[in-house]
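The next block is run24.tsv, given as TSV, C-alpha atoms.
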chain	number	residue	atom	x	y	z
S	1	MET	CA	-71.43	92.20	22.64
S	2	SER	CA	-72.40	95.23	20.67
S	3	LYS	CA	-70.39	98.43	20.80
S	4	ARG	CA	-73.37	100.13	22.43
S	5	ASN	CA	-73.46	97.61	25.28
S	6	ILE	CA	-69.74	97.99	25.94
S	7	ILE	CA	-70.11	101.75	26.16
S	8	PHE	CA	-73.09	101.26	28.50
S	9	ILE	CA	-71.14	98.91	30.79
S	10	LEU	CA	-68.12	101.21	30.81
S	11	PHE	CA	-70.41	104.09	31.69
S	12	ILE	CA	-71.91	102.15	34.62
S	13	LEU	CA	-68.45	101.09	35.87
S	14	PHE	CA	-67.23	104.67	35.64
S	15	GLY	CA	-70.27	105.82	37.62
S	16	ILE	CA	-69.73	103.18	40.33
S	17	SER	CA	-66.06	104.07	40.71
S	18	GLY	CA	-67.00	107.76	40.94
S	19	LEU	CA	-69.55	107.05	43.67
S	20	PHE	CA	-67.03	104.86	45.50
S	21	THR	CA	-64.41	107.65	45.50
S	22	TYR	CA	-67.03	110.14	46.62
S	23	PHE	CA	-68.19	108.01	49.59
S	24	GLN	CA	-64.62	107.18	50.49
S	25	SER	CA	-63.72	110.86	50.78
S	26	LEU	CA	-67.04	111.82	52.36
S	27	PRO	CA	-65.87	111.49	55.99
S	28	SER	CA	-62.97	113.89	55.43
S	29	LEU	CA	-65.23	116.32	53.57
S	30	LEU	CA	-67.85	116.22	56.30
S	31	GLU	CA	-65.32	116.40	59.11
S	32	LYS	CA	-65.80	119.78	60.72
S	33	LYS	CA	-62.55	121.70	60.88
S	34	PRO	CA	-62.35	124.60	63.30
S	35	THR	CA	-62.38	127.99	61.65
S	36	LEU	CA	-59.69	130.63	62.08
S	37	ALA	CA	-60.31	134.33	62.69
S	38	THR	CA	-57.10	135.39	60.93
S	39	GLY	CA	-56.92	132.95	58.02
S	40	LYS	CA	-57.94	129.58	56.62
S	41	ILE	CA	-57.27	125.90	57.23
S	42	LEU	CA	-56.98	124.04	53.92
S	43	VAL	CA	-59.71	121.46	53.22
S	44	ARG	CA	-56.91	118.92	52.73
S	45	PRO	CA	-53.26	119.56	53.66
S	46	MET	CA	-51.37	120.23	50.45
S	47	GLU	CA	-48.09	118.76	49.28
S	48	ILE	CA	-45.75	121.33	47.79
S	49	ASP	CA	-43.16	120.93	45.02
S	50	GLN	CA	-39.58	119.93	45.83
S	51	PHE	CA	-37.43	122.90	46.79
S	52	GLU	CA	-33.79	123.36	47.74
S	53	LEU	CA	-32.72	126.40	49.78
S	54	ILE	CA	-30.16	127.13	52.53
S	55	ASP	CA	-30.49	128.58	56.04
S	56	GLN	CA	-28.34	131.18	57.80
S	57	ASN	CA	-25.89	128.45	58.86
S	58	ASN	CA	-25.50	127.28	55.25
S	59	ALA	CA	-27.42	124.08	56.08
S	60	ALA	CA	-29.88	122.70	53.53
S	61	PHE	CA	-33.49	123.83	53.87
S	62	ASN	CA	-35.78	121.63	51.77
S	63	ASN	CA	-39.04	119.65	51.97
S	64	LYS	CA	-37.50	117.34	54.59
S	65	SER	CA	-36.80	120.37	56.83
S	66	LEU	CA	-40.54	120.96	57.11
S	67	GLU	CA	-41.18	117.48	58.51
S	68	GLY	CA	-41.22	116.49	62.17
S	69	GLY	CA	-42.63	119.67	63.66
S	70	TRP	CA	-44.99	122.54	62.84
S	71	THR	CA	-43.37	125.25	60.74
S	72	VAL	CA	-44.47	128.82	60.13
S	73	VAL	CA	-43.02	130.36	56.96
S	74	PHE	CA	-43.24	134.01	55.93
S	75	PHE	CA	-41.59	136.01	53.16
S	76	GLY	CA	-39.68	139.27	53.40
S	77	TYR	CA	-36.25	140.88	53.09
S	78	THR	CA	-33.82	142.35	55.60
S	79	ASN	CA	-33.93	145.85	54.08
S	80	CYS	CA	-37.59	146.07	55.08
S	81	PRO	CA	-37.48	148.05	58.32
S	82	ASP	CA	-41.16	148.11	59.29
S	83	VAL	CA	-43.25	145.03	58.47
S	84	CYS	CA	-40.53	142.32	58.70
S	85	PRO	CA	-39.22	143.12	62.21
S	86	THR	CA	-42.85	143.56	63.32
S	87	THR	CA	-43.77	140.08	62.02
S	88	ILE	CA	-40.62	138.55	63.56
S	89	TYR	CA	-41.53	140.18	66.88
S	90	LYS	CA	-45.13	138.93	66.70
S	91	LEU	CA	-44.08	135.36	65.84
S	92	ALA	CA	-41.50	135.33	68.66
S	93	GLU	CA	-44.19	136.41	71.15
S	94	ILE	CA	-46.60	133.77	69.80
S	95	LYS	CA	-43.90	131.12	70.04
S	96	ASN	CA	-43.35	131.97	73.72
S	97	VAL	CA	-47.07	131.64	74.53
S	98	ILE	CA	-47.35	128.34	72.62
S	99	LYS	CA	-44.29	126.98	74.44
S	100	GLU	CA	-45.97	127.77	77.74
S	101	LYS	CA	-49.41	126.41	76.83
S	102	LEU	CA	-48.34	123.39	74.77
S	103	PRO	CA	-44.79	122.61	75.93
S	104	SER	CA	-44.47	119.41	73.90
S	105	THR	CA	-45.16	121.19	70.59
S	106	ASP	CA	-42.29	121.52	68.14
S	107	PHE	CA	-43.01	124.96	66.65
S	108	ASN	CA	-40.53	126.56	64.25
S	109	THR	CA	-40.51	129.91	62.48
S	110	VAL	CA	-38.80	130.68	59.17
S	111	LEU	CA	-38.20	133.89	57.21
S	112	VAL	CA	-37.59	133.23	53.51
S	113	THR	CA	-35.96	136.18	51.79
S	114	LEU	CA	-37.21	137.46	48.45
S	115	ASP	CA	-33.96	139.40	48.02
S	116	PRO	CA	-31.11	136.88	47.57
S	117	ASP	CA	-28.88	139.59	46.00
S	118	ARG	CA	-28.61	141.44	49.32
S	119	ASP	CA	-29.61	138.68	51.75
S	120	SER	CA	-26.76	136.17	51.87
S	121	ALA	CA	-26.72	133.47	54.57
S	122	LYS	CA	-24.26	135.70	56.48
S	123	ARG	CA	-26.55	138.73	56.33
S	124	LEU	CA	-29.53	136.63	57.43
S	125	ASP	CA	-27.50	135.25	60.33
S	126	GLU	CA	-26.72	138.79	61.47
S	127	TYR	CA	-30.33	139.95	61.02
S	128	ILE	CA	-32.20	136.96	62.46
S	129	GLY	CA	-29.70	136.58	65.30
S	130	TYR	CA	-30.47	140.15	66.32
S	131	PHE	CA	-34.26	139.86	66.42
S	132	ASP	CA	-34.92	136.20	67.30
S	133	GLU	CA	-32.09	133.69	67.33
S	134	THR	CA	-34.52	130.74	67.45
S	135	MET	CA	-35.84	131.66	64.00
S	136	LEU	CA	-34.44	130.30	60.72
S	137	GLY	CA	-33.48	132.70	57.93
S	138	VAL	CA	-33.57	131.10	54.50
S	139	THR	CA	-32.09	132.17	51.17
S	140	GLY	CA	-30.98	130.53	47.93
S	141	THR	CA	-30.54	131.19	44.25
S	142	TYR	CA	-33.10	133.42	42.58
S	143	GLU	CA	-34.51	130.38	40.67
S	144	ASN	CA	-34.80	128.20	43.79
S	145	ILE	CA	-36.56	130.94	45.74
S	146	GLN	CA	-38.91	131.44	42.82
S	147	SER	CA	-39.78	127.75	42.60
S	148	PHE	CA	-40.61	127.71	46.34
S	149	THR	CA	-42.74	130.88	46.12
S	150	SER	CA	-44.60	129.71	43.04
S	151	SER	CA	-45.63	126.41	44.65
S	152	LEU	CA	-47.25	128.53	47.39
S	153	SER	CA	-48.66	131.07	44.89
S	154	VAL	CA	-46.66	133.80	46.56
S	155	PHE	CA	-46.52	136.99	44.50
S	156	TYR	CA	-43.59	139.38	44.71
S	157	GLN	CA	-42.47	142.33	42.68
S	158	ARG	CA	-39.32	144.43	42.93
S	159	ILE	CA	-40.01	148.16	43.13
S	160	ASN	CA	-37.01	150.28	42.16
S	161	LYS	CA	-36.49	153.58	43.98
S	162	GLU	CA	-34.09	156.46	43.46
S	163	GLU	CA	-31.73	154.64	45.80
S	164	GLY	CA	-32.13	150.90	46.21
S	165	TYR	CA	-35.33	148.94	45.89
S	166	ASP	CA	-38.20	147.43	47.89
S	167	PHE	CA	-40.61	144.57	47.29
S	168	ASN	CA	-44.35	144.33	47.18
S	169	HIS	CA	-45.18	140.80	48.23
S	170	THR	CA	-47.84	138.40	49.48
S	171	ALA	CA	-48.36	139.21	53.13
S	172	SER	CA	-49.67	135.79	54.28
S	173	ILE	CA	-47.85	133.49	56.66
S	174	PHE	CA	-47.89	129.77	55.79
S	175	ILE	CA	-48.33	127.00	58.36
S	176	PHE	CA	-46.95	123.54	57.58
S	177	ASP	CA	-47.93	120.44	59.57
S	178	LYS	CA	-45.65	117.71	60.93
S	179	ASN	CA	-45.71	115.91	57.57
S	180	GLY	CA	-44.40	118.97	55.78
S	181	LEU	CA	-47.77	119.64	54.14
S	182	LEU	CA	-49.26	123.12	53.80
S	183	PHE	CA	-51.97	123.18	56.46
S	184	ALA	CA	-53.19	126.77	56.84
S	185	THR	CA	-52.51	130.40	55.95
S	186	MET	CA	-52.96	133.50	58.12
S	187	SER	CA	-52.62	137.25	57.77
S	188	PRO	CA	-49.87	138.70	60.01
S	189	ALA	CA	-51.64	142.08	60.10
S	190	ASN	CA	-53.81	140.74	62.93
S	191	THR	CA	-52.90	141.29	66.58
S	192	ILE	CA	-50.61	138.94	68.51
S	193	GLY	CA	-53.63	137.88	70.61
S	194	GLU	CA	-55.78	136.98	67.58
S	195	LEU	CA	-52.95	135.10	65.86
S	196	THR	CA	-52.00	133.23	69.04
S	197	GLU	CA	-55.59	132.09	69.49
S	198	ASP	CA	-55.64	130.65	65.95
S	199	PHE	CA	-52.26	128.94	66.37
S	200	TYR	CA	-53.54	127.45	69.60
S	201	THR	CA	-56.70	126.21	67.83
S	202	ILE	CA	-54.59	124.46	65.18
S	203	LEU	CA	-51.96	122.98	67.48
S	204	ASN	CA	-54.48	121.90	70.10
S	205	ASN	CA	-56.75	120.14	67.58
S	206	PHE	CA	-54.32	118.64	65.11
S	207	GLN	CA	-51.28	117.46	67.07
Z	1	MET	CA	-25.83	140.45	88.24
Z	2	ARG	CA	-29.53	141.25	88.42
Z	3	SER	CA	-29.11	144.96	89.08
Z	4	LYS	CA	-26.56	145.18	86.25
Z	5	SER	CA	-29.08	143.94	83.69
Z	6	ILE	CA	-31.91	146.13	84.98
Z	7	LYS	CA	-30.00	149.44	85.07
Z	8	PRO	CA	-29.89	150.06	81.30
Z	9	LEU	CA	-33.59	149.28	81.05
Z	10	VAL	CA	-34.43	151.83	83.75
Z	11	LEU	CA	-32.20	154.36	82.04
Z	12	ILE	CA	-33.79	153.73	78.64
Z	13	THR	CA	-37.27	154.04	80.14
Z	14	LEU	CA	-36.40	157.32	81.87
Z	15	LEU	CA	-34.74	158.70	78.75
Z	16	SER	CA	-37.71	157.70	76.64
Z	17	ILE	CA	-40.17	159.38	78.99
Z	18	PHE	CA	-38.05	162.53	79.13
Z	19	PHE	CA	-37.09	162.81	75.48
Z	20	GLY	CA	-40.02	161.06	73.89
Z	21	GLN	CA	-42.31	164.01	74.51
Z	22	LYS	CA	-41.90	167.39	72.88
Z	23	SER	CA	-44.49	170.00	72.21
Z	24	PHE	CA	-44.51	173.23	70.28
Z	25	ALA	CA	-47.70	175.25	70.59
Z	26	GLU	CA	-49.92	173.62	67.95
Z	27	LEU	CA	-48.01	170.42	67.25
Z	28	GLU	CA	-46.94	167.80	69.80
Z	29	VAL	CA	-44.71	164.80	69.26
Z	30	ASN	CA	-45.10	161.94	71.73
Z	31	ASN	CA	-43.68	158.44	72.22
Z	32	ALA	CA	-41.08	158.83	69.48
Z	33	TRP	CA	-38.88	155.77	69.00
Z	34	VAL	CA	-36.66	154.23	66.35
Z	35	ARG	CA	-36.46	150.46	66.04
Z	36	SER	CA	-32.93	149.27	66.62
Z	37	ALA	CA	-31.52	147.05	63.89
Z	38	PRO	CA	-28.57	144.67	63.41
Z	39	PRO	CA	-25.10	146.05	62.56
Z	40	ASN	CA	-24.67	147.16	58.93
Z	41	SER	CA	-28.35	148.05	58.55
Z	42	LYS	CA	-28.93	150.88	56.09
Z	43	VAL	CA	-32.61	151.46	56.78
Z	44	PHE	CA	-34.38	151.98	60.10
Z	45	SER	CA	-38.01	152.57	60.96
Z	46	GLY	CA	-39.38	155.14	63.40
Z	47	TYR	CA	-42.70	155.62	65.13
Z	48	LEU	CA	-44.37	158.45	67.02
Z	49	ARG	CA	-47.63	160.21	67.68
Z	50	PHE	CA	-48.33	163.61	66.18
Z	51	LYS	CA	-50.94	165.61	68.03
Z	52	ASN	CA	-52.37	168.66	66.34
Z	53	VAL	CA	-53.79	170.80	69.14
Z	54	SER	CA	-54.61	173.74	66.89
Z	55	ALA	CA	-57.85	174.63	65.08
Z	56	ASN	CA	-56.14	174.28	61.64
Z	57	GLU	CA	-54.95	171.36	59.54
Z	58	ILE	CA	-51.19	170.86	59.80
Z	59	THR	CA	-49.09	169.32	57.02
Z	60	ILE	CA	-45.77	167.63	57.71
Z	61	ASN	CA	-43.60	168.47	54.70
Z	62	LYS	CA	-40.14	167.29	55.51
Z	63	MET	CA	-38.07	165.64	58.22
Z	64	LYS	CA	-34.36	165.69	58.87
Z	65	SER	CA	-31.91	164.31	61.39
Z	66	ASN	CA	-28.24	164.69	62.18
Z	67	ALA	CA	-28.06	160.89	62.53
Z	68	PHE	CA	-29.38	159.97	59.02
Z	69	ASP	CA	-28.89	161.22	55.48
Z	70	GLN	CA	-32.56	161.02	54.70
Z	71	ILE	CA	-35.93	160.60	56.43
Z	72	GLU	CA	-39.17	159.86	54.60
Z	73	ILE	CA	-42.68	159.16	55.78
Z	74	HIS	CA	-44.00	155.87	54.44
Z	75	SER	CA	-47.17	153.88	54.73
Z	76	SER	CA	-47.21	150.07	54.89
Z	77	PHE	CA	-50.52	148.50	54.02
Z	78	ILE	CA	-52.01	145.26	52.75
Z	79	GLU	CA	-54.05	145.51	49.57
Z	80	ASP	CA	-55.66	142.34	48.16
Z	81	GLY	CA	-53.31	140.24	50.29
Z	82	ILE	CA	-50.20	142.05	49.00
Z	83	SER	CA	-47.95	143.90	51.45
Z	84	THR	CA	-47.10	147.28	49.92
Z	85	MET	CA	-45.23	150.41	50.96
Z	86	ARG	CA	-45.85	153.94	49.70
Z	87	LYS	CA	-43.98	157.20	50.24
Z	88	ILE	CA	-46.11	159.99	51.70
Z	89	ASP	CA	-44.93	163.44	50.60
Z	90	ASN	CA	-47.29	165.52	52.70
Z	91	LEU	CA	-48.75	164.04	55.84
Z	92	ARG	CA	-51.90	165.92	56.80
Z	93	ILE	CA	-53.10	166.01	60.38
Z	94	SER	CA	-56.60	167.35	60.90
Z	95	GLU	CA	-57.30	170.02	63.49
Z	96	ASN	CA	-57.51	168.82	67.09
Z	97	SER	CA	-56.60	165.27	66.22
Z	98	GLU	CA	-53.88	162.74	66.78
Z	99	MET	CA	-52.07	160.70	64.16
Z	100	LYS	CA	-50.20	157.57	65.15
Z	101	LEU	CA	-47.17	156.37	63.20
Z	102	GLU	CA	-46.99	152.75	64.32
Z	103	PRO	CA	-45.60	149.34	63.18
Z	104	GLY	CA	-47.36	148.05	60.07
Z	105	GLY	CA	-48.91	151.43	59.21
Z	106	TYR	CA	-47.58	154.96	58.75
Z	107	HIS	CA	-43.93	155.08	59.80
Z	108	LEU	CA	-40.67	156.97	59.34
Z	109	MET	CA	-38.03	155.48	57.04
Z	110	LEU	CA	-34.65	156.62	58.31
Z	111	MET	CA	-32.01	155.94	55.67
Z	112	SER	CA	-28.20	155.82	55.54
Z	113	PRO	CA	-27.16	156.29	59.17
Z	114	LYS	CA	-24.26	158.71	59.64
Z	115	LYS	CA	-23.09	156.87	62.76
Z	116	ASP	CA	-23.77	153.65	64.68
Z	117	ILE	CA	-27.36	153.54	65.89
Z	118	LYS	CA	-27.58	151.54	69.09
Z	119	GLU	CA	-30.30	150.67	71.57
Z	120	GLY	CA	-30.70	153.48	74.11
Z	121	ASN	CA	-29.31	156.19	71.75
Z	122	LEU	CA	-31.30	159.32	71.05
Z	123	VAL	CA	-31.98	160.29	67.46
Z	124	GLU	CA	-32.71	163.92	66.69
Z	125	LEU	CA	-35.78	164.59	64.56
Z	126	ILE	CA	-36.32	167.97	62.89
Z	127	ILE	CA	-39.86	168.30	61.65
Z	128	TYR	CA	-40.80	170.90	59.02
Z	129	TYR	CA	-44.52	171.54	58.95
Z	130	GLU	CA	-46.97	173.91	57.45
Z	131	ASP	CA	-49.57	175.65	59.55
Z	132	GLU	CA	-51.73	178.38	57.99
Z	133	ASP	CA	-49.30	178.79	55.08
Z	134	ARG	CA	-46.35	179.29	57.39
Z	135	ILE	CA	-43.47	176.82	57.53
Z	136	LYS	CA	-42.50	176.00	61.10
Z	137	ILE	CA	-39.84	173.78	62.58
Z	138	LEU	CA	-40.12	171.48	65.57
Z	139	ARG	CA	-37.17	169.64	67.07
Z	140	SER	CA	-37.72	166.39	68.93
Z	141	ASP	CA	-35.85	163.27	69.95
Z	142	ALA	CA	-36.62	159.61	69.39
Z	143	VAL	CA	-35.16	156.92	71.59
Z	144	VAL	CA	-33.71	153.81	69.94
Z	145	LEU	CA	-35.52	150.71	71.26
Z	146	ARG	CA	-35.80	147.09	70.19
Z	147	ASN	CA	-39.53	147.15	70.70
Z	148	GLY	CA	-41.40	150.35	71.28
Z	149	TYR	CA	-44.09	151.69	73.48
Z	150	GLU	CA	-46.99	149.44	72.47

Please re-express this file's structure in structure tokens.
Amino acid sequence: MSKRNIIFILFILFGISGLFTYFQSLPSLLEKKPTLATGKILVRPMEIDQFELIDQNNAAFNNKSLEGGWTVVFFGYTNCPDVCPTTIYKLAEIKNVIKEKLPSTDFNTVLVTLDPDRDSAKRLDEYIGYFDETMLGVTGTYENIQSFTSSLSVFYQRINKEEGYDFNHTASIFIFDKNGLLFATMSPANTIGELTEDFYTILNNFQ
Amino acid sequence: MRSKSIKPLVLITLLSIFFGQKSFAELEVNNAWVRSAPPNSKVFSGYLRFKNVSANEITINKMKSNAFDQIEIHSSFIEDGISTMRKIDNLRISENSEMKLEPGGYHLMLMSPKKDIKEGNLVELIIYYEDEDRIKILRSDAVVLRNGYE
């Protein structure tokens, strides 16, 4: 067989396998996913890199912790007096509505600090316990927090002030499905009503 | 048991109605509240509504309190998906208009509390503002609440 023929056959085989993959994934691509008013559902749920953090009770918080139920993760720091308590309050209200409407849903909320220097597990316990004791507060080493944020493309930047410092950071909240895969993102700047509606859409359609 | 748990709420509501509203000719302060925070918190946030009832622009220059070392006006906003906070040195309120300081937007940053700040407490606010090139002072009170008026 000439070299030319081999290349031709390989080319054909490559084309067939490409078509096969395309048709195999066609149903999932054509499947109509509901749209969200406050964010986006990913075309395919995304696996995220391995991470190793701890919660306010010093228990491990890693990829396994995201499995089993739906988890909402957002980023912040306890020295943020305005946006963080507001988001905690909104998520607590949403959780109450979801519990009422879909009582069998396992729905967890998690604050991951971007400020491990000031936010120890003890400080998070004090802070989270005050605003919503059903929420998890998560911290870790600087490197481990950074590896978790980078797998979600979360941006954060420390802004030094005359006294102390703040952070500019990605505002989105991240929704993980029961398999621990990233399923959707939303913007917490929306109203409790708008966010609740979108959470309901997700949980009602993808249990 | 039931009446015990309701009493503080009624008291807080009455206090907030009574102290949450202060007016001084051209500038009114309504629904002032400070979000309560866990023990050992160094920074608190405060919210209120300024109402300029005069025919001139009013500028808020400075705020003070006997309960905190420092008060600043800040603005939280989301730009290109990034949550950001900026200090506002002079807050301008147009003539005959209202400006809301509310969660997730313009707010007060109350820093370094001089005493324990607990739910139901009143926090004094001294507001220095400029009206037709004259510096005026308005005293008001904010009630400490877990969640505010909205």

For region 116-121 of chain S, list every protein, DNA or RNA residue within 12 Å, evaluated using only C-alpha atoms, and leave out those in the same chain fewer than 2 positions away; present the list as a ChimeraX atom specification. /S:53-61,75-80,111-114,123-129,136-146,158,164-166 /Z:40-42

Please find the residues of chain S near chain Z - the criterion being any atom within 8 Å, counting all atoms listed in the file - and write them as a ChimeraX atom specification. /S:79-83,86,126-127,130,155,167-172,189

For Tyr129 (chain Z), list every protein, DNA or RNA residue within 12 Å, evaluated using only C-alpha atoms, and leave out those in the same chain fewer than 3 positions away; present the list as an mmCIF file with C-alpha atoms, in the frame of the given file.
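Writing the result to part.cif gives the following:
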data_model
loop_
_atom_site.group_PDB
_atom_site.id
_atom_site.type_symbol
_atom_site.label_atom_id
_atom_site.label_comp_id
_atom_site.auth_asym_id
_atom_site.auth_seq_id
_atom_site.Cartn_x
_atom_site.Cartn_y
_atom_site.Cartn_z
ATOM 1 C CA PHE Z 24 -44.510 173.230 70.280
ATOM 2 C CA GLU Z 26 -49.920 173.620 67.950
ATOM 3 C CA LEU Z 27 -48.010 170.420 67.250
ATOM 4 C CA GLU Z 28 -46.940 167.800 69.800
ATOM 5 C CA PHE Z 50 -48.330 163.610 66.180
ATOM 6 C CA ASN Z 52 -52.370 168.660 66.340
ATOM 7 C CA GLU Z 57 -54.950 171.360 59.540
ATOM 8 C CA ILE Z 58 -51.190 170.860 59.800
ATOM 9 C CA THR Z 59 -49.090 169.320 57.020
ATOM 10 C CA ILE Z 60 -45.770 167.630 57.710
ATOM 11 C CA ASN Z 61 -43.600 168.470 54.700
ATOM 12 C CA LYS Z 62 -40.140 167.290 55.510
ATOM 13 C CA MET Z 63 -38.070 165.640 58.220
ATOM 14 C CA LYS Z 64 -34.360 165.690 58.870
ATOM 15 C CA ASP Z 89 -44.930 163.440 50.600
ATOM 16 C CA ASN Z 90 -47.290 165.520 52.700
ATOM 17 C CA LEU Z 91 -48.750 164.040 55.840
ATOM 18 C CA ARG Z 92 -51.900 165.920 56.800
ATOM 19 C CA ILE Z 93 -53.100 166.010 60.380
ATOM 20 C CA ILE Z 126 -36.320 167.970 62.890
ATOM 21 C CA GLU Z 132 -51.730 178.380 57.990
ATOM 22 C CA ASP Z 133 -49.300 178.790 55.080
ATOM 23 C CA ARG Z 134 -46.350 179.290 57.390
ATOM 24 C CA ILE Z 135 -43.470 176.820 57.530
ATOM 25 C CA LYS Z 136 -42.500 176.000 61.100
ATOM 26 C CA ILE Z 137 -39.840 173.780 62.580
ATOM 27 C CA LEU Z 138 -40.120 171.480 65.570
ATOM 28 C CA ARG Z 139 -37.170 169.640 67.070
#

From (-49.6, 158.9, 68.0), in the file's coordinates, out to 6 Å: which residues are reached, counting only C-alpha atoms? Answer as a PDB file with C-alpha atoms, keeping the file's coordinate frame.
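What landed in out-v8.pdb:
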ATOM      1  CA  LEU Z  48     -44.370 158.450  67.020  1.00  0.00           C
ATOM      2  CA  ARG Z  49     -47.630 160.210  67.680  1.00  0.00           C
ATOM      3  CA  PHE Z  50     -48.330 163.610  66.180  1.00  0.00           C
ATOM      4  CA  GLU Z  98     -53.880 162.740  66.780  1.00  0.00           C
ATOM      5  CA  MET Z  99     -52.070 160.700  64.160  1.00  0.00           C
ATOM      6  CA  LYS Z 100     -50.200 157.570  65.150  1.00  0.00           C
ATOM      7  CA  LEU Z 101     -47.170 156.370  63.200  1.00  0.00           C
TER       8      LEU Z 101
END

What is the CA of Asn204 (chain S)-CA of Val110 (chain S) distance in Å, reported with one decimal?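 Between CA of Asn204 (chain S) and CA of Val110 (chain S) the gap works out to 21.0 Å.
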
Mind giving me the straight-line distance from CA of Asn108 (chain S) to CA of Glu119 (chain Z) in Å, one decimal? 27.2 Å

In Å, how far is it from CA of Lys101 (chain S) to CA of Phe183 (chain S)?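 Between these atoms lies a distance of 20.8 Å.
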
Best match for closeness to Asn30 (chain Z) among Z:Ala142, Z:Arg86, Z:Ser94, Z:Gln70, counting all atoms listed in the file: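 Of Z:Ala142, Z:Arg86, Z:Ser94, Z:Gln70, the one nearest Asn30 (chain Z) is Z:Ala142, counting all atoms listed in the file.
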
Counting all atoms listed in the file, which residues sit no farther than 12 Å from the position (-58.5, 126.1, 69.4) in the file's frame? I'd like them as an mmCIF file with C-alpha atoms, keeping the file's coordinate frame.
data_model
loop_
_atom_site.group_PDB
_atom_site.id
_atom_site.type_symbol
_atom_site.label_atom_id
_atom_site.label_comp_id
_atom_site.auth_asym_id
_atom_site.auth_seq_id
_atom_site.Cartn_x
_atom_site.Cartn_y
_atom_site.Cartn_z
ATOM 1 C CA LYS S 33 -62.550 121.700 60.880
ATOM 2 C CA PRO S 34 -62.350 124.600 63.300
ATOM 3 C CA THR S 35 -62.380 127.990 61.650
ATOM 4 C CA LEU S 36 -59.690 130.630 62.080
ATOM 5 C CA ALA S 37 -60.310 134.330 62.690
ATOM 6 C CA ILE S 98 -47.350 128.340 72.620
ATOM 7 C CA LYS S 101 -49.410 126.410 76.830
ATOM 8 C CA LEU S 102 -48.340 123.390 74.770
ATOM 9 C CA GLU S 194 -55.780 136.980 67.580
ATOM 10 C CA LEU S 195 -52.950 135.100 65.860
ATOM 11 C CA THR S 196 -52.000 133.230 69.040
ATOM 12 C CA GLU S 197 -55.590 132.090 69.490
ATOM 13 C CA ASP S 198 -55.640 130.650 65.950
ATOM 14 C CA PHE S 199 -52.260 128.940 66.370
ATOM 15 C CA TYR S 200 -53.540 127.450 69.600
ATOM 16 C CA THR S 201 -56.700 126.210 67.830
ATOM 17 C CA ILE S 202 -54.590 124.460 65.180
ATOM 18 C CA LEU S 203 -51.960 122.980 67.480
ATOM 19 C CA ASN S 204 -54.480 121.900 70.100
ATOM 20 C CA ASN S 205 -56.750 120.140 67.580
ATOM 21 C CA PHE S 206 -54.320 118.640 65.110
ATOM 22 C CA GLN S 207 -51.280 117.460 67.070
#

Taking only C-alpha atoms into account, which of Z:Ala25, Z:Val143, Z:Ile88, Z:Ala55 comes nearest Leu125 (chain Z)?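 Of the candidates, the smallest distance to Leu125 (chain Z) is held by Z:Val143.
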
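Distances here use all atoms listed in the file; by that measure, the residue among S:Phe14, S:Thr134, S:Lys90, S:Lys40 closest to Asn190 (chain S) is S:Lys90.
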
Centre and size of axis-aligned box enclosing region 145-157 of chain S plus 3 Å each side, as JSON:
{"center_x": -42.6, "center_y": 134.4, "center_z": 45.0, "size_x": 18.1, "size_y": 21.9, "size_z": 10.8}
